[in-house]
$ cat start-v4.tsv   # TSV, C-alpha atoms and all ligand atoms
chain	number	residue	atom	x	y	z
Y	1	MET	CA	13.04	-14.43	-4.15
Y	2	ARG	CA	10.99	-11.45	-3.00
Y	3	ALA	CA	10.44	-11.09	0.75
Y	4	LYS	CA	6.80	-10.78	1.75
Y	5	LEU	CA	5.64	-7.35	2.90
Y	6	ILE	CA	2.52	-6.79	5.00
Y	7	VAL	CA	1.38	-3.17	5.36
Y	8	GLY	CA	-1.45	-1.94	7.57
Y	9	ASN	CA	-3.54	0.96	6.30
Y	10	TRP	CA	-5.18	2.42	9.38
Y	11	LYS	CA	-7.21	4.88	7.31
Y	12	MET	CA	-8.77	7.59	9.54
Y	13	ASN	CA	-8.70	5.51	12.72
Y	14	GLY	CA	-6.70	5.66	15.93
Y	15	SER	CA	-6.17	7.48	19.21
Y	16	ARG	CA	-2.96	8.01	21.14
Y	17	ALA	CA	-3.94	5.47	23.81
Y	18	GLY	CA	-5.31	2.90	21.36
Y	19	ASN	CA	-2.31	3.24	19.03
Y	20	ALA	CA	0.10	2.66	21.92
Y	21	ARG	CA	-1.63	-0.63	22.77
Y	22	LEU	CA	-1.93	-1.76	19.16
Y	23	LEU	CA	1.71	-1.02	18.30
Y	24	ALA	CA	2.98	-2.67	21.49
Y	25	ASP	CA	0.86	-5.77	20.84
Y	26	ILE	CA	2.06	-6.05	17.24
Y	27	ALA	CA	5.71	-5.60	18.26
Y	28	ALA	CA	5.32	-8.22	21.01
Y	29	GLY	CA	3.79	-10.78	18.64
Y	30	LEU	CA	6.30	-10.50	15.82
Y	31	ASP	CA	8.87	-12.90	17.27
Y	32	SER	CA	9.41	-15.46	14.55
Y	33	ALA	CA	7.77	-13.54	11.69
Y	34	ARG	CA	9.54	-13.89	8.37
Y	35	ALA	CA	7.59	-11.15	6.60
Y	36	GLN	CA	8.50	-7.48	6.65
Y	37	CYS	CA	5.77	-5.27	8.01
Y	38	ALA	CA	4.73	-1.64	8.28
Y	39	VAL	CA	1.84	0.53	9.43
Y	40	CYS	CA	0.59	3.53	7.46
Y	41	VAL	CA	-1.10	5.83	9.94
Y	42	PRO	CA	-2.85	9.21	9.99
Y	43	SER	CA	-0.15	11.93	9.82
Y	44	PRO	CA	-0.75	13.27	13.36
Y	45	TYR	CA	0.38	9.89	14.71
Y	46	LEU	CA	3.68	9.69	12.83
Y	47	GLN	CA	5.67	11.05	15.73
Y	48	GLN	CA	4.07	8.48	18.03
Y	49	CYS	CA	5.05	5.74	15.57
Y	50	GLU	CA	8.60	7.02	15.32
Y	51	GLU	CA	8.91	6.97	19.12
Y	52	ALA	CA	7.23	3.59	19.58
Y	53	LEU	CA	8.68	1.70	16.63
Y	54	SER	CA	12.27	2.88	16.28
Y	55	GLY	CA	14.42	-0.16	17.03
Y	56	THR	CA	11.63	-2.62	16.19
Y	57	PRO	CA	11.26	-4.48	12.87
Y	58	ILE	CA	8.05	-2.53	12.14
Y	59	ALA	CA	8.35	0.31	9.63
Y	60	TRP	CA	5.82	3.14	9.39
Y	61	GLY	CA	4.49	5.52	6.84
Y	62	ALA	CA	1.71	7.84	5.69
Y	63	GLN	CA	-1.44	7.35	3.64
Y	64	ASP	CA	-1.20	10.29	1.27
Y	65	VAL	CA	1.03	13.24	0.36
Y	66	SER	CA	0.69	16.53	-1.45
Y	67	VAL	CA	1.95	16.93	-5.00
Y	68	HIS	CA	3.37	20.28	-3.87
Y	69	GLY	CA	6.42	21.24	-1.83
Y	70	PHE	CA	6.20	23.77	1.02
Y	71	GLY	CA	3.86	26.71	0.45
Y	72	ALA	CA	0.36	28.12	0.60
Y	73	PHE	CA	-1.56	24.82	0.41
Y	74	THR	CA	-3.80	24.82	3.48
Y	75	GLY	CA	-4.38	21.37	4.93
Y	76	GLU	CA	-1.76	19.64	2.81
Y	77	VAL	CA	1.29	17.69	4.01
Y	78	CYS	CA	4.37	17.58	1.78
Y	79	ALA	CA	6.82	14.72	1.30
Y	80	LYS	CA	9.65	16.52	3.06
Y	81	MET	CA	7.52	16.78	6.21
Y	82	LEU	CA	6.78	13.05	6.12
Y	83	SER	CA	10.46	12.27	5.70
Y	84	GLU	CA	11.20	14.22	8.90
Y	85	PHE	CA	9.29	11.51	10.78
Y	86	ALA	CA	11.42	8.77	9.21
Y	87	CYS	CA	8.54	7.36	7.15
Y	88	ARG	CA	9.64	4.48	4.96
Y	89	TYR	CA	6.40	4.22	2.96
Y	90	VAL	CA	3.70	6.54	1.63
Y	91	ILE	CA	0.51	5.13	0.11
Y	92	VAL	CA	-0.50	6.98	-3.06
Y	93	GLY	CA	-3.61	6.57	-5.18
Y	94	HIS	CA	-5.71	4.60	-2.70
Y	95	SER	CA	-9.15	4.13	-4.27
Y	96	GLU	CA	-10.72	6.19	-1.48
Y	97	ARG	CA	-8.49	9.12	-2.52
Y	98	ARG	CA	-9.28	8.56	-6.19
Y	99	ALA	CA	-13.03	8.35	-5.54
Y	100	TYR	CA	-13.61	10.92	-2.78
Y	101	HIS	CA	-10.89	13.43	-3.67
Y	102	MET	CA	-10.99	13.11	-7.43
Y	103	GLU	CA	-7.34	12.13	-7.71
Y	104	SER	CA	-6.38	11.36	-11.29
Y	105	SER	CA	-3.73	8.83	-12.24
Y	106	GLU	CA	-1.52	11.73	-13.33
Y	107	MET	CA	-1.80	13.26	-9.85
Y	108	VAL	CA	-1.01	9.89	-8.29
Y	109	ALA	CA	2.09	9.74	-10.48
Y	110	GLN	CA	3.21	13.18	-9.27
Y	111	LYS	CA	2.70	12.04	-5.69
Y	112	ALA	CA	4.81	8.93	-6.28
Y	113	LYS	CA	7.54	11.11	-7.72
Y	114	ALA	CA	7.41	13.51	-4.75
Y	115	VAL	CA	7.74	10.57	-2.34
Y	116	LEU	CA	10.74	9.14	-4.20
Y	117	ALA	CA	12.42	12.53	-4.29
Y	118	GLU	CA	12.52	12.46	-0.47
Y	119	GLY	CA	13.96	8.96	-0.31
Y	120	MET	CA	10.76	7.18	0.72
Y	121	THR	CA	8.90	4.36	-1.04
Y	122	PRO	CA	5.53	5.01	-2.66
Y	123	ILE	CA	2.96	2.23	-2.41
Y	124	VAL	CA	1.08	2.82	-5.65
Y	125	CYS	CA	-2.51	1.53	-5.46
Y	126	VAL	CA	-4.41	0.42	-8.53
Y	127	GLY	CA	-7.75	-1.35	-8.82
Y	128	GLU	CA	-10.96	-1.68	-10.77
Y	129	THR	CA	-14.56	-1.12	-9.72
Y	130	LEU	CA	-17.15	-3.90	-9.88
Y	131	GLU	CA	-18.68	-2.37	-13.02
Y	132	GLU	CA	-15.27	-2.31	-14.70
Y	133	ARG	CA	-14.58	-5.95	-13.76
Y	134	GLU	CA	-17.97	-7.06	-15.01
Y	135	ALA	CA	-17.37	-5.20	-18.26
Y	136	GLY	CA	-14.09	-7.13	-18.71
Y	137	GLN	CA	-12.00	-3.96	-18.29
Y	138	THR	CA	-9.82	-4.95	-15.32
Y	139	ALA	CA	-6.52	-5.27	-17.18
Y	140	GLN	CA	-7.11	-2.07	-19.12
Y	141	VAL	CA	-8.06	-0.04	-16.00
Y	142	VAL	CA	-5.22	-1.16	-13.73
Y	143	GLY	CA	-2.84	-1.00	-16.69
Y	144	ALA	CA	-3.67	2.65	-17.35
Y	145	GLN	CA	-3.38	3.50	-13.63
Y	146	LEU	CA	0.08	1.92	-13.39
Y	147	ASP	CA	1.25	3.27	-16.74
Y	148	ALA	CA	0.61	6.87	-15.65
Y	149	VAL	CA	3.09	6.36	-12.81
Y	150	LEU	CA	5.66	4.46	-14.86
Y	151	GLU	CA	5.59	7.11	-17.56
Y	152	LEU	CA	6.49	9.89	-15.13
Y	153	LEU	CA	9.22	7.94	-13.33
Y	154	GLY	CA	12.58	7.23	-14.93
Y	155	THR	CA	13.43	3.61	-15.74
Y	156	ALA	CA	15.68	3.30	-12.69
Y	157	ASP	CA	12.95	4.53	-10.34
Y	158	VAL	CA	10.67	1.65	-11.31
Y	159	ALA	CA	12.78	-0.50	-8.97
Y	160	LYS	CA	11.98	1.79	-6.02
Y	161	ILE	CA	8.20	1.47	-5.89
Y	162	VAL	CA	5.75	-0.95	-4.33
Y	163	VAL	CA	2.52	-1.68	-6.23
Y	164	ALA	CA	-0.72	-2.63	-4.50
Y	165	TYR	CA	-3.56	-4.25	-6.45
Y	166	GLU	CA	-6.74	-3.39	-4.61
Y	167	PRO	CA	-9.97	-4.27	-6.39
Y	168	VAL	CA	-12.37	-1.53	-5.27
Y	169	TRP	CA	-15.21	-4.02	-4.85
Y	170	ALA	CA	-13.16	-5.98	-2.31
Y	171	ILE	CA	-12.12	-3.09	-0.06
Y	172	GLY	CA	-13.91	-3.14	3.28
Y	173	THR	CA	-16.66	-5.34	1.86
Y	174	GLY	CA	-15.61	-8.73	3.20
Y	175	LYS	CA	-15.44	-9.98	-0.43
Y	176	ASN	CA	-11.89	-10.80	-1.40
Y	177	ALA	CA	-10.64	-11.65	-4.88
Y	178	THR	CA	-9.93	-15.37	-5.13
Y	179	PRO	CA	-6.23	-16.22	-5.17
Y	180	GLU	CA	-6.54	-17.08	-8.89
Y	181	MET	CA	-8.28	-13.81	-9.76
Y	182	ALA	CA	-5.69	-11.79	-7.86
Y	183	GLN	CA	-2.76	-13.77	-9.32
Y	184	ALA	CA	-3.98	-13.11	-12.86
Y	185	VAL	CA	-3.98	-9.33	-12.28
Y	186	HIS	CA	-0.64	-9.43	-10.43
Y	187	ALA	CA	0.95	-11.30	-13.35
Y	188	HIS	CA	-0.41	-8.69	-15.72
Y	189	LEU	CA	1.04	-5.87	-13.58
Y	190	ARG	CA	4.40	-7.65	-13.37
Y	191	ALA	CA	4.51	-7.97	-17.18
Y	192	GLN	CA	3.81	-4.26	-17.42
Y	193	LEU	CA	6.69	-3.49	-15.06
Y	194	LYS	CA	8.89	-5.83	-17.10
Y	195	ALA	CA	8.23	-3.86	-20.26
Y	196	ARG	CA	9.71	-0.78	-18.54
Y	197	ASN	CA	12.53	-2.37	-16.59
Y	198	ALA	CA	12.94	-6.14	-16.76
Y	199	GLU	CA	15.34	-6.38	-13.83
Y	200	ALA	CA	13.21	-4.18	-11.56
Y	201	ALA	CA	10.09	-6.17	-12.37
Y	202	GLU	CA	11.57	-9.17	-10.57
Y	203	SER	CA	12.15	-7.24	-7.36
Y	204	VAL	CA	9.17	-4.84	-7.13
Y	205	PRO	CA	6.71	-6.14	-4.52
Y	206	ILE	CA	3.12	-6.34	-5.73
Y	207	LEU	CA	0.77	-6.43	-2.74
Y	208	TYR	CA	-2.85	-7.56	-2.74
Y	209	GLY	CA	-5.41	-5.50	-0.80
Y	210	GLY	CA	-9.11	-6.09	-0.29
Y	211	SER	CA	-10.56	-7.84	2.74
Y	212	MET	CA	-7.40	-9.82	3.45
Y	213	LYS	CA	-7.83	-11.63	6.77
Y	214	PRO	CA	-5.96	-14.35	8.67
Y	215	GLU	CA	-8.42	-16.87	7.17
Y	216	ASN	CA	-7.72	-16.08	3.52
Y	217	ALA	CA	-4.17	-14.70	3.71
Y	218	LYS	CA	-2.29	-17.97	3.31
Y	219	ALA	CA	-3.91	-18.92	0.01
Y	220	LEU	CA	-3.51	-15.42	-1.43
Y	221	LEU	CA	0.11	-15.11	-0.29
Y	222	ALA	CA	0.96	-18.52	-1.77
Y	223	GLN	CA	0.45	-17.15	-5.30
Y	224	PRO	CA	3.72	-16.58	-7.17
Y	225	ASP	CA	3.12	-12.90	-7.92
Y	226	ILE	CA	1.43	-11.90	-4.65
Y	227	ASP	CA	4.25	-10.51	-2.54
Y	228	GLY	CA	2.30	-9.32	0.46
Y	229	GLY	CA	-0.79	-7.47	1.55
Y	230	LEU	CA	-2.17	-4.00	2.09
Y	231	ILE	CA	-4.52	-4.49	4.99
Y	232	GLY	CA	-7.34	-2.18	6.09
Y	233	GLY	CA	-9.81	-3.43	8.70
Y	234	ALA	CA	-7.70	-6.36	9.89
Y	235	ALA	CA	-4.75	-4.04	10.59
Y	236	LEU	CA	-6.66	-2.45	13.46
Y	237	LYS	CA	-6.65	-5.64	15.56
Y	238	ALA	CA	-3.24	-6.90	16.63
Y	239	GLN	CA	-4.27	-10.57	16.53
Y	240	ASP	CA	-5.65	-10.30	13.00
Y	241	PHE	CA	-2.70	-8.29	11.69
Y	242	LEU	CA	-0.27	-10.70	13.30
Y	243	GLY	CA	-2.23	-13.65	11.92
Y	244	ILE	CA	-1.70	-12.29	8.40
Y	245	ILE	CA	1.97	-11.53	9.03
Y	246	HIS	CA	2.54	-15.07	10.29
Y	247	SER	CA	0.76	-16.52	7.23
Y	248	ALA	CA	3.32	-14.93	4.95
Y	301	LIG	C1	-7.53	-0.91	2.14
Y	301	LIG	O1	-8.23	0.02	2.48
Y	301	LIG	O2	-6.42	-0.68	1.63
Y	301	LIG	C2	-8.01	-2.27	2.38
Y	301	LIG	C3	-7.44	-3.26	1.75
Y	301	LIG	O3	-9.07	-2.40	3.24
Y	301	LIG	P1	-9.71	-3.78	3.78
Y	301	LIG	O4	-8.59	-4.70	4.14
Y	301	LIG	O5	-10.52	-3.37	4.98
Y	301	LIG	O6	-10.54	-4.31	2.67
$ encode --input "start-v4.tsv" --output "C-alpha cells" --more "lines below"
Ligand code: PEP
Amino acid sequence: MRAKLIVGNWKMNGSRAGNARLLADIAAGLDSARAQCAVCVPSPYLQQCEEALSGTPIAWGAQDVSVHGFGAFTGEVCAKMLSEFACRYVIVGHSERRAYHMESSEMVAQKAKAVLAEGMTPIVCVGETLEEREAGQTAQVVGAQLDAVLELLGTADVAKIVVAYEPVWAIGTGKNATPEMAQAVHAHLRAQLKARNAEAAESVPILYGGSMKPENAKALLAQPDIDGGLIGGAALKAQDFLGIIHSA
C-alpha cells in the first residue's frame, strides 16, 4: 500500500516572517497525521526551511531546477545547489513553467534526470488544458508528457519519481476535477508506468493537483490511484493545508 503524500507548492509567495509562522503552525498541527508531507518553496527560503524543519516530519524542496550544472547561466539554480539545502523534492514541469517559460517535455525530462543525479526526487507534473480535454486529448497529452521523462530515465529510475496530474484548467481556478475524472487519468498514468517498469508502477506516488481543498480532499484521496496532492493556494494557510493532510 502506498503512503499518501501531500506537497505544498508555495509558488512565488512567502516572506521570512510569514514563512516562520506558517511552518511552525503546520509542524504544531501534524500530531496524528498519517500522511507524509512536504513544502516546495522559493529557493531563497530553502535555508529557512532547513533550519525550521530539520527534525520535524515535514520535508522540503524546490519548485524548479536548471537543466545545466554549474556555469555561466545567469539566474539559474542547479540541482547540486538544491541538494546542499537537503531538499528531498524538486517540482519539474509545472504547467506555469511549461506555459510561461516555454519548457518542453524534453526539457522537463532533463530536469528530472538532473534532480535524480543529485539524489533528490523529482515531482513530474503533467496535465491538459481545457481545450485539450474538450477535444478528447487528455490521455494523449499527459501520456506524451510522461513518456518524454520515462524515455530519458533508465528503467530503474522510474521507481524514484513522483508524478503529479494537474489539469491546467483546475489550477488556481477553484474548479477541481471530480474524483472519477482524476482517477481515470491516474489509472492511465499508472498503466503507462507499468509498461516501463511493472514493479515500480505499484510504488510510484501519483498526486492530484488542482484546487484541492479540505472540502474536496477526502473524496479525491479515496480513489485507488490518487496517492496524495500537490497543493497550491491551500498550502499557504496552515489550517487548510493541515485539513488536507488530515483527510489523507
Ligand atoms: C499548483 O499550482 O500546483 C496547484 C495545484 O494550485 P492550486 O491548488 O491553487 O490549484
$ residues_around --input "start-v4.tsv" --residues "Y:Ala177" --least-positions-apart "5" --cutoff "10 Å" --atoms "all atoms listed in the file" --output "PDB file with C-alpha atoms, in the coordinates of the input"
ATOM      1  CA  GLU Y 166      -6.740  -3.390  -4.610  1.00  0.00           C
ATOM      2  CA  PRO Y 167      -9.970  -4.270  -6.390  1.00  0.00           C
ATOM      3  CA  TRP Y 169     -15.210  -4.020  -4.850  1.00  0.00           C
ATOM      4  CA  ALA Y 170     -13.160  -5.980  -2.310  1.00  0.00           C
ATOM      5  CA  ILE Y 171     -12.120  -3.090  -0.060  1.00  0.00           C
ATOM      6  CA  ALA Y 182      -5.690 -11.790  -7.860  1.00  0.00           C
ATOM      7  CA  GLN Y 183      -2.760 -13.770  -9.320  1.00  0.00           C
ATOM      8  CA  TYR Y 208      -2.850  -7.560  -2.740  1.00  0.00           C
ATOM      9  CA  GLY Y 209      -5.410  -5.500  -0.800  1.00  0.00           C
ATOM     10  CA  GLY Y 210      -9.110  -6.090  -0.290  1.00  0.00           C
ATOM     11  CA  SER Y 211     -10.560  -7.840   2.740  1.00  0.00           C
ATOM     12  CA  MET Y 212      -7.400  -9.820   3.450  1.00  0.00           C
ATOM     13  CA  ASN Y 216      -7.720 -16.080   3.520  1.00  0.00           C
ATOM     14  CA  LEU Y 220      -3.510 -15.420  -1.430  1.00  0.00           C
TER      15      LEU Y 220
END
$ closest_residue --input "start-v4.tsv" --among "Y:Glu134, Y:Glu215, Y:Glu76, Y:Asp225" --to "Y:Ala184" --atoms "only C-alpha atoms"
Y:Asp225
$ closest_atom_pairs --input "start-v4.tsv" --of "chain Y" --to "ligand LIG 301 (chain Y)" --cutoff "8 Å" --atoms "only C-alpha atoms and all ligand atoms" --output "tab-separated table"
residue	atom	partner	partner_atom	distance
Y:Gly8	CA	Y:LIG301	O2	7.8
Y:Asn9	CA	Y:LIG301	O2	5.7
Y:Trp10	CA	Y:LIG301	O1	7.9
Y:Lys11	CA	Y:LIG301	O1	6.9
Y:His94	CA	Y:LIG301	O2	6.9
Y:Ser95	CA	Y:LIG301	O1	8.0
Y:Glu96	CA	Y:LIG301	O1	7.7
Y:Glu166	CA	Y:LIG301	C3	6.4
Y:Ala170	CA	Y:LIG301	O6	5.9
Y:Ile171	CA	Y:LIG301	O6	3.4
Y:Gly172	CA	Y:LIG301	O6	3.6
Y:Thr173	CA	Y:LIG301	O6	6.3
Y:Gly174	CA	Y:LIG301	O6	6.7
Y:Asn176	CA	Y:LIG301	O6	7.8
Y:Tyr208	CA	Y:LIG301	C3	7.7
Y:Gly209	CA	Y:LIG301	C3	4.0
Y:Gly210	CA	Y:LIG301	O6	3.7
Y:Ser211	CA	Y:LIG301	O6	3.5
Y:Met212	CA	Y:LIG301	O4	5.3
Y:Lys213	CA	Y:LIG301	O4	7.5
Y:Gly229	CA	Y:LIG301	C3	7.9
Y:Leu230	CA	Y:LIG301	C3	5.3
Y:Ile231	CA	Y:LIG301	O4	4.2
Y:Gly232	CA	Y:LIG301	O3	3.3
Y:Gly233	CA	Y:LIG301	O5	3.8
Y:Ala234	CA	Y:LIG301	O4	6.1
Y:Ala235	CA	Y:LIG301	O4	7.5
$ write_last_selection --input "start-v4.tsv" --atoms "C-alpha atoms" --output "CSV table (one decimal), in the coordinates of the input"
chain,number,residue,atom,x,y,z
Y,8,GLY,CA,-1.4,-1.9,7.6
Y,9,ASN,CA,-3.5,1.0,6.3
Y,10,TRP,CA,-5.2,2.4,9.4
Y,11,LYS,CA,-7.2,4.9,7.3
Y,94,HIS,CA,-5.7,4.6,-2.7
Y,95,SER,CA,-9.2,4.1,-4.3
Y,96,GLU,CA,-10.7,6.2,-1.5
Y,166,GLU,CA,-6.7,-3.4,-4.6
Y,170,ALA,CA,-13.2,-6.0,-2.3
Y,171,ILE,CA,-12.1,-3.1,-0.1
Y,172,GLY,CA,-13.9,-3.1,3.3
Y,173,THR,CA,-16.7,-5.3,1.9
Y,174,GLY,CA,-15.6,-8.7,3.2
Y,176,ASN,CA,-11.9,-10.8,-1.4
Y,208,TYR,CA,-2.8,-7.6,-2.7
Y,209,GLY,CA,-5.4,-5.5,-0.8
Y,210,GLY,CA,-9.1,-6.1,-0.3
Y,211,SER,CA,-10.6,-7.8,2.7
Y,212,MET,CA,-7.4,-9.8,3.4
Y,213,LYS,CA,-7.8,-11.6,6.8
Y,229,GLY,CA,-0.8,-7.5,1.6
Y,230,LEU,CA,-2.2,-4.0,2.1
Y,231,ILE,CA,-4.5,-4.5,5.0
Y,232,GLY,CA,-7.3,-2.2,6.1
Y,233,GLY,CA,-9.8,-3.4,8.7
Y,234,ALA,CA,-7.7,-6.4,9.9
Y,235,ALA,CA,-4.8,-4.0,10.6
$ closest_residue --input "start-v4.tsv" --among "Y:Ile226, Y:Ala38, Y:Leu146, Y:Leu221" --to "Y:Leu193" --atoms "all atoms listed in the file"
Y:Leu146
$ residues_around --input "start-v4.tsv" --residues "Y:Val204" --least-positions-apart "5" --cutoff "9 Å" --atoms "only C-alpha atoms" --output "ChimeraX atom specification"
/Y:2,158-163,190,193,227
$ atom_distance --input "start-v4.tsv" --atom1 "atom CA of Y:Val168" --atom2 "atom CA of Y:Tyr100"
12.8 Å
$ closest_atom_pairs --input "start-v4.tsv" --of "stretch 103-152 of chain Y" --to "stretch 61-68 of chain Y" --cutoff "10 Å" --atoms "only C-alpha atoms" --output "tab-separated table"
residue	atom	partner	partner_atom	distance
Y:Met107	CA	Y:Val67	CA	7.1
Y:Val108	CA	Y:Val67	CA	8.3
Y:Ala109	CA	Y:Val67	CA	9.0
Y:Gln110	CA	Y:Val67	CA	5.8
Y:Lys111	CA	Y:Val67	CA	5.0
Y:Ala112	CA	Y:Val67	CA	8.6
Y:Lys113	CA	Y:Val67	CA	8.5
Y:Ala114	CA	Y:Val67	CA	6.4
Y:Val115	CA	Y:Val65	CA	7.7
Y:Met120	CA	Y:Gly61	CA	8.9
Y:Thr121	CA	Y:Gly61	CA	9.1
Y:Pro122	CA	Y:Asp64	CA	9.4
Y:Ile123	CA	Y:Gln63	CA	9.1
$ residues_around --input "start-v4.tsv" --residues "Y:Asn19" --least-positions-apart "6" --cutoff "10 Å" --atoms "all atoms listed in the file" --output "MDAnalysis selection string"
chainID Y and resid 13 25 41 45 48:49 52 236
$ write_last_selection --input "start-v4.tsv" --atoms "C-alpha atoms" --output "short mmCIF file (atom, residue, chain, number, x, y, z; two decimals), in the frame of the given file"
data_model
loop_
_atom_site.label_atom_id
_atom_site.label_comp_id
_atom_site.auth_asym_id
_atom_site.auth_seq_id
_atom_site.Cartn_x
_atom_site.Cartn_y
_atom_site.Cartn_z
CA ASN Y 13 -8.70 5.51 12.72
CA ASP Y 25 0.86 -5.77 20.84
CA VAL Y 41 -1.10 5.83 9.94
CA TYR Y 45 0.38 9.89 14.71
CA GLN Y 48 4.07 8.48 18.03
CA CYS Y 49 5.05 5.74 15.57
CA ALA Y 52 7.23 3.59 19.58
CA LEU Y 236 -6.66 -2.45 13.46
#
$ residues_around --input "start-v4.tsv" --residues "Y:Gln140" --least-positions-apart "5" --cutoff "12 Å" --atoms "all atoms listed in the file" --output "ChimeraX atom specification"
/Y:126-128,132-133,135,145-147,185,188-189,192
$ atom_distance --input "start-v4.tsv" --atom1 "atom CA of Y:Gly119" --atom2 "atom CA of Y:Ser247"
29.7 Å
$ closest_residue --input "start-v4.tsv" --among "Y:Leu46, Y:Ala144, Y:Arg88, Y:Pro214" --to "Y:Ser104" --atoms "all atoms listed in the file"
Y:Ala144
